[in-house]
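The block underneath contains the structure these notes are about, expressed in structure tokens.
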2 protein chains.
Amino acid sequence: MPHASRRAALRGLLRAADVEALLVTDLVNVRYLTGFTGSNASLLVHVDGDAASRFCTDGRYVTQSAVEVADLERVIDRAGPVVLAAAAGHLGVTRLGFESDAVTVDAHAALVEAAGAFVLLHRAPGLVARLRLVKDAAETAALRAACAAADAALADLIASGGLRPGRSERDVAYDLETRMRAHGATGPAFETIVAAGPHSAVPHHRPTDASMRRGDLVKMDFGALVGGYHSDMTRTVVLGRAAGWQRDLHALVAAAQQAGRAALRPGASVVEVDAAARDVVAAAGYADEFVHGLGHGVGLQIHEAPLLGPTGSGAVAAGMVVTVEPGVYLAGRGGVRIEDTVLVGPGGAEPLTRSNRELIEVT
Amino acid sequence: MPHASRRAALRGLLRAADVEALLVTDLVNVRYLTGFTGSNASLLVHVDGDAASRFCTDGRYVTQSAVEVADLERVIDRAGPVVLAAAAGHLGVTRLGFESDAVTVDAHAALVEAAGAFVLLHRAPGLVARLRLVKDAAETAALRAACAAADAALADLIASGGLRPGRSERDVAYDLETRMRAHGATGPAFETIVAAGPHSAVPHHRPTDASMRRGDLVKMDFGALVGGYHSDMTRTVVLGRAAGWQRDLHALVAAAQQAGRAALRPGASVVEVDAAARDVVAAAGYADEFVHGLGHGVGLQIHEAPLLGPTGSGAVAAGMVVTVEPGVYLAGRGGVRIEDTVLVGPGGAEPLTRSNRELIEVT
């Protein structure tokens, strides 16, 4: 039972934070701790164990929650956080942690009122996020499956001749999404990016009906959702023979990506990992054209901690799954990004997305 | 320019709330006020006008924001809310409203620090939401298109024989989504629900690989996303000839839905509208089997204000777009929900989803 193990691990953090319970209101955190996949739920995790803990969802999910959260006492109510805050006192809680990085100012006021005079609400941000930083076996398996679906979709797309002049960016995006589903995805992990020609210079371009043309750089940033877990990959190809500048740009970004992956070892600071890739780009004179961080954690959310970037903090640890995605964007001409979802192993980085990282000339 | 008009309307609310500017950090609200469609942005709307207002996004969106938000001064920074709070004092703001229903407790602490000693942060929840309650012409046009795509997809599905024993719920869900795209949707408005047989008794069932069987009730709850706007519709059909209880259940829910639409007039309280439909269900003895509210607003979000339900507040106004979706769920047997997305006109409700509401026996 990974969910029970996760709740047990959380209890260690609750004791360290000096609270008797945590009110979990972030829906993704509730899913992580219980397996519940509906759209409304909250959870009170008591340090004393599951018998003193409570799960709450609304009337739409009576049946689903009985199946997914069979191991916790369930309360059915629309106003979960308030109901659980009110119940805390009856469960012997005097110091109730809440997710101050997820609870709004107004919601906090309602919780204080519901908790009453004898239960003190205590800021406890990021506790579940800290657990989620390092993936357990169930999570890594889902992430591997999500990455494999994306790899297989790209291979199918290329093998079927789906990348050719005349097709639109939107066609290709939809094609990738359909193929990811055929390989087991419940859907795309995020809005698929396909950006051809000058559009490739827009880091987060949204696919249009514009036709792709021979000689275009085509940047594809996509991922699959499997069992609630996300994959994230970018490959940039050329339709036809690559021009010299395209080849050079791709080689530069590939070198930066390689440097980033090589730096991704347990104990390295996230700033160092970012710098390892960024320095390669900067040495070529393109520091200002690498306009985003090197990567981010991936899991139940497409973007989660840690941030690999100049403004990030903390160090890399074994079991983290992050993206490594340097990009260089030349406005009006084109851009290249190369991205993998990568598992940090004890000895270094293992890419979970494995598609060819060489420059592909689609002819 | 609908966005400039919306900002002008917001300024009236800012004056009434006695603040000189509003820091808009809810991304959907930023989109509503600016047209920006990226994934990170914040906005300072100054009562003095657009010249004193500021938009902020990060480096990924330099090009996109220049196109989409050409009419506002743009700041490029990852930490938008903090940067804009720090800028407020320089723009002559002494009382800065913030969205206390969207800003977390921790984010608020950071804003207070950034704003400095001379700028007072003032709770200002729900101001943009109040504007968004009533849709303008551009919004209504997008909602009509989103509803038309869903109607067309269902018609195609039925005409093509896509509803038949042996197909899986998942097949049908994907079929509907594909057909919505063919009719102009950028994607589904939410996770499509297809629930056959006893699954139809689960209000928010997720499609499975189970085969549909002759005699099954098949409940389909789906919608299209067009230009950022959502549609939401549910139809429940029978595969083959309907049994008596299926026919009766469908007729009951259809009568409740009709009563709800008839009650949906400007000036009616949202509780009254809900009650109009709920009373029909209760009179038939199924009060406990109608486990959710009657409906909700639809727009840039699939669920937005107002809530039509026993716990809702306020009155219906012309220009609102809401769902009307009573359902009765008989555990282990089956359930029926009938739902439309409806525009409240001066004289009454106009359904924007127009698919046949009679019981369809798919033979």
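In the structure tokens, the first chain shown is A, the next is B, and so on; residue numbers restart at 1 for each chain, and ligands run from 1 in the order shown.
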Inset, instruction - Would you kindly report the residues of chain B within 9 Å of chain A, using only C-alpha atoms, as number ranges by chain? - result: B: 38, 58-64, 99-108, 123, 125, 202-205, 291-292, 331
Would you save the residues of that selection, restricted to C-alpha atoms, as a PDB file, in the first residue's frame?
```pdb
ATOM      1  CA  GLY B  38      -0.037  31.717 -21.484  1.00  0.00           C
ATOM      2  CA  ASP B  58       8.068  35.459 -17.749  1.00  0.00           C
ATOM      3  CA  GLY B  59      10.687  35.112 -20.453  1.00  0.00           C
ATOM      4  CA  ARG B  60       8.910  32.286 -22.257  1.00  0.00           C
ATOM      5  CA  TYR B  61       6.142  34.661 -23.251  1.00  0.00           C
ATOM      6  CA  VAL B  62       7.960  37.787 -24.466  1.00  0.00           C
ATOM      7  CA  THR B  63       6.738  37.360 -28.043  1.00  0.00           C
ATOM      8  CA  GLN B  64       3.283  36.019 -27.245  1.00  0.00           C
ATOM      9  CA  GLU B  99      -7.506  38.633  -4.579  1.00  0.00           C
ATOM     10  CA  SER B 100      -7.780  37.164  -1.102  1.00  0.00           C
ATOM     11  CA  ASP B 101      -9.815  34.268  -2.505  1.00  0.00           C
ATOM     12  CA  ALA B 102      -6.883  33.290  -4.760  1.00  0.00           C
ATOM     13  CA  VAL B 103      -3.728  34.427  -2.937  1.00  0.00           C
ATOM     14  CA  THR B 104      -2.345  31.882  -0.500  1.00  0.00           C
ATOM     15  CA  VAL B 105      -1.379  32.701   3.059  1.00  0.00           C
ATOM     16  CA  ASP B 106       2.312  32.369   2.194  1.00  0.00           C
ATOM     17  CA  ALA B 107       2.031  34.391  -1.026  1.00  0.00           C
ATOM     18  CA  HIS B 108       0.261  37.121   0.916  1.00  0.00           C
ATOM     19  CA  ARG B 123      -8.602  42.115   0.778  1.00  0.00           C
ATOM     20  CA  PRO B 125     -12.042  39.015  -3.271  1.00  0.00           C
ATOM     21  CA  VAL B 202     -22.001   6.987 -10.579  1.00  0.00           C
ATOM     22  CA  PRO B 203     -22.356  10.730 -11.133  1.00  0.00           C
ATOM     23  CA  HIS B 204     -18.711  11.277 -12.152  1.00  0.00           C
ATOM     24  CA  HIS B 205     -17.727   7.892 -13.517  1.00  0.00           C
ATOM     25  CA  VAL B 291     -26.894  14.176  -4.927  1.00  0.00           C
ATOM     26  CA  HIS B 292     -25.549  17.386  -6.420  1.00  0.00           C
ATOM     27  CA  ALA B 331     -26.997   2.612  -7.125  1.00  0.00           C
TER      28      ALA B 331
END
```
Legend entry - Residues of segment 81-165 of chain B in alpha helix (DSSP H), written as a ChimeraX atom specification: /B:81-88,105-115,127-133,137-159
Inset, instruction - Output as number ranges by chain all residues of segment 214-341 of chain A that backbone DSSP marks as strand (DSSP E). - result: A: 217-222, 224-226, 229-230, 233-239, 295-297, 304-308, 321-324, 327-330, 334-337, 340-341
Inset, instruction - Find the distance between atom CA of Leu23 of chain B and atom CA of Leu133 of chain B and write it in Å to one decimal. - result: 19.7 Å
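One finds atom CA of Gly97 of chain A at 4.6 Å from atom CA of His122 of chain A.
If only C-alpha atoms are the atoms counted, then among B:Gly89, B:Gly312, B:Gly334, B:Gly327 the closest residue to Ser269 of chain B is B:Gly312.
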Legend entry - Polymer residues at most 12 Å from Cys56 of chain B, only C-alpha atoms, same-chain spacing of 4 or more positions, as an NGL selection string: :B and (23-25 or 27 or 30 or 34 or 36 or 38-45 or 60-62 or 65-66 or 69 or 72-85 or 87)
Legend entry - Residues near Ala137 of chain B, cut-off 12 Å, only C-alpha atoms, skip fewer than 3 positions along chain, as number ranges by chain: B: 1-3, 5-6, 134, 140-144, 319-321, 343
Legend entry - Who sits within 8 Å of Val316 of chain A, only C-alpha atoms, same chain under 5 positions skipped, as a PyMOL selection string: chain A and resi 264-270+344
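Between atom CA of Arg31 of chain A and atom CA of Gly309 of chain B the interatomic distance comes to 26.9 Å.
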Legend entry - Of the listed residues B:Val271, B:Ala9, B:Ala224, B:Ala210, that which approaches Asp151 of chain B most closely, counting only C-alpha atoms: B:Ala224
Legend entry - Shell around Lys219 of chain A at 12 Å using only C-alpha atoms, local window under 3 positions removed, as a VMD selection string: chain A and resid 163 169 172 to 173 192 to 207 212 216 222 233 to 239 250 327 to 329 334 to 339 359 to 360
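Excluding Val128 of chain A itself and same-chain residues fewer than 6 positions from it, the residues having an atom within 9 Å of it are Arg6, Leu10, Leu13, Val24, Asn29, Tyr32 and Leu33 of chain A, counting only C-alpha atoms.
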Go ahead and write the selection's residues with all heavy atoms as a PDB file, in the first residue's frame.
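Output file result.pdb follows:
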```pdb
ATOM      1  N   ARG A   6       2.988   6.400   2.486  1.00  0.00           N
ATOM      2  CA  ARG A   6       3.219   7.849   2.353  1.00  0.00           C
ATOM      3  C   ARG A   6       2.654   8.607   3.557  1.00  0.00           C
ATOM      4  O   ARG A   6       3.262   9.556   4.042  1.00  0.00           O
ATOM      5  CB  ARG A   6       2.588   8.350   1.050  1.00  0.00           C
ATOM      6  CG  ARG A   6       3.271   7.780  -0.189  1.00  0.00           C
ATOM      7  CD  ARG A   6       2.498   8.080  -1.457  1.00  0.00           C
ATOM      8  NE  ARG A   6       2.983   7.249  -2.571  1.00  0.00           N
ATOM      9  CZ  ARG A   6       2.358   7.118  -3.732  1.00  0.00           C
ATOM     10  NH1 ARG A   6       1.227   7.777  -3.965  1.00  0.00           N
ATOM     11  NH2 ARG A   6       2.857   6.344  -4.667  1.00  0.00           N
ATOM     12  N   LEU A  10       4.636  10.928   6.174  1.00  0.00           N
ATOM     13  CA  LEU A  10       4.206  12.294   6.494  1.00  0.00           C
ATOM     14  C   LEU A  10       4.160  12.508   8.008  1.00  0.00           C
ATOM     15  O   LEU A  10       4.484  13.591   8.503  1.00  0.00           O
ATOM     16  CB  LEU A  10       2.835  12.567   5.870  1.00  0.00           C
ATOM     17  CG  LEU A  10       2.232  13.938   6.147  1.00  0.00           C
ATOM     18  CD1 LEU A  10       3.120  15.064   5.608  1.00  0.00           C
ATOM     19  CD2 LEU A  10       0.829  14.051   5.533  1.00  0.00           C
ATOM     20  N   LEU A  13       7.161  13.932   9.454  1.00  0.00           N
ATOM     21  CA  LEU A  13       7.315  15.378   9.226  1.00  0.00           C
ATOM     22  C   LEU A  13       6.384  16.184  10.138  1.00  0.00           C
ATOM     23  O   LEU A  13       6.726  17.289  10.554  1.00  0.00           O
ATOM     24  CB  LEU A  13       7.016  15.711   7.758  1.00  0.00           C
ATOM     25  CG  LEU A  13       7.917  15.035   6.713  1.00  0.00           C
ATOM     26  CD1 LEU A  13       7.540  15.506   5.310  1.00  0.00           C
ATOM     27  CD2 LEU A  13       9.382  15.337   6.992  1.00  0.00           C
ATOM     28  N   VAL A  24      -4.890  18.538   4.806  1.00  0.00           N
ATOM     29  CA  VAL A  24      -4.384  18.528   3.434  1.00  0.00           C
ATOM     30  C   VAL A  24      -5.524  18.959   2.516  1.00  0.00           C
ATOM     31  O   VAL A  24      -6.540  18.262   2.407  1.00  0.00           O
ATOM     32  CB  VAL A  24      -3.869  17.127   3.035  1.00  0.00           C
ATOM     33  CG1 VAL A  24      -3.248  17.162   1.645  1.00  0.00           C
ATOM     34  CG2 VAL A  24      -2.868  16.614   4.062  1.00  0.00           C
ATOM     35  N   ASN A  29      -2.079  16.674  -3.542  1.00  0.00           N
ATOM     36  CA  ASN A  29      -1.504  16.073  -2.334  1.00  0.00           C
ATOM     37  C   ASN A  29      -2.453  15.033  -1.737  1.00  0.00           C
ATOM     38  O   ASN A  29      -2.013  13.989  -1.246  1.00  0.00           O
ATOM     39  CB  ASN A  29      -1.193  17.159  -1.306  1.00  0.00           C
ATOM     40  CG  ASN A  29       0.039  17.968  -1.686  1.00  0.00           C
ATOM     41  OD1 ASN A  29       0.810  17.564  -2.559  1.00  0.00           O
ATOM     42  ND2 ASN A  29       0.215  19.119  -1.059  1.00  0.00           N
ATOM     43  N   TYR A  32      -1.999  11.960  -3.771  1.00  0.00           N
ATOM     44  CA  TYR A  32      -0.729  11.310  -3.427  1.00  0.00           C
ATOM     45  C   TYR A  32      -0.855  10.485  -2.151  1.00  0.00           C
ATOM     46  O   TYR A  32      -0.324   9.378  -2.058  1.00  0.00           O
ATOM     47  CB  TYR A  32       0.343  12.390  -3.261  1.00  0.00           C
ATOM     48  CG  TYR A  32       1.686  11.879  -2.808  1.00  0.00           C
ATOM     49  CD1 TYR A  32       2.552  11.267  -3.699  1.00  0.00           C
ATOM     50  CD2 TYR A  32       2.090  12.020  -1.482  1.00  0.00           C
ATOM     51  CE1 TYR A  32       3.785  10.802  -3.285  1.00  0.00           C
ATOM     52  CE2 TYR A  32       3.329  11.556  -1.052  1.00  0.00           C
ATOM     53  CZ  TYR A  32       4.165  10.940  -1.962  1.00  0.00           C
ATOM     54  OH  TYR A  32       5.393  10.476  -1.552  1.00  0.00           O
ATOM     55  N   LEU A  33      -1.606  11.011  -1.189  1.00  0.00           N
ATOM     56  CA  LEU A  33      -1.677  10.359   0.126  1.00  0.00           C
ATOM     57  C   LEU A  33      -2.777   9.310   0.231  1.00  0.00           C
ATOM     58  O   LEU A  33      -2.795   8.526   1.180  1.00  0.00           O
ATOM     59  CB  LEU A  33      -1.889  11.418   1.211  1.00  0.00           C
ATOM     60  CG  LEU A  33      -0.716  12.380   1.433  1.00  0.00           C
ATOM     61  CD1 LEU A  33      -1.135  13.549   2.307  1.00  0.00           C
ATOM     62  CD2 LEU A  33       0.484  11.657   2.045  1.00  0.00           C
TER      63      LEU A  33
END
```
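Minimum atom-to-atom distances from B:Ala317, B:Gly12, B:Glu358, B:Gly260 to Gly345 of chain B were compared using only C-alpha atoms, and the lowest value belongs to B:Ala317.
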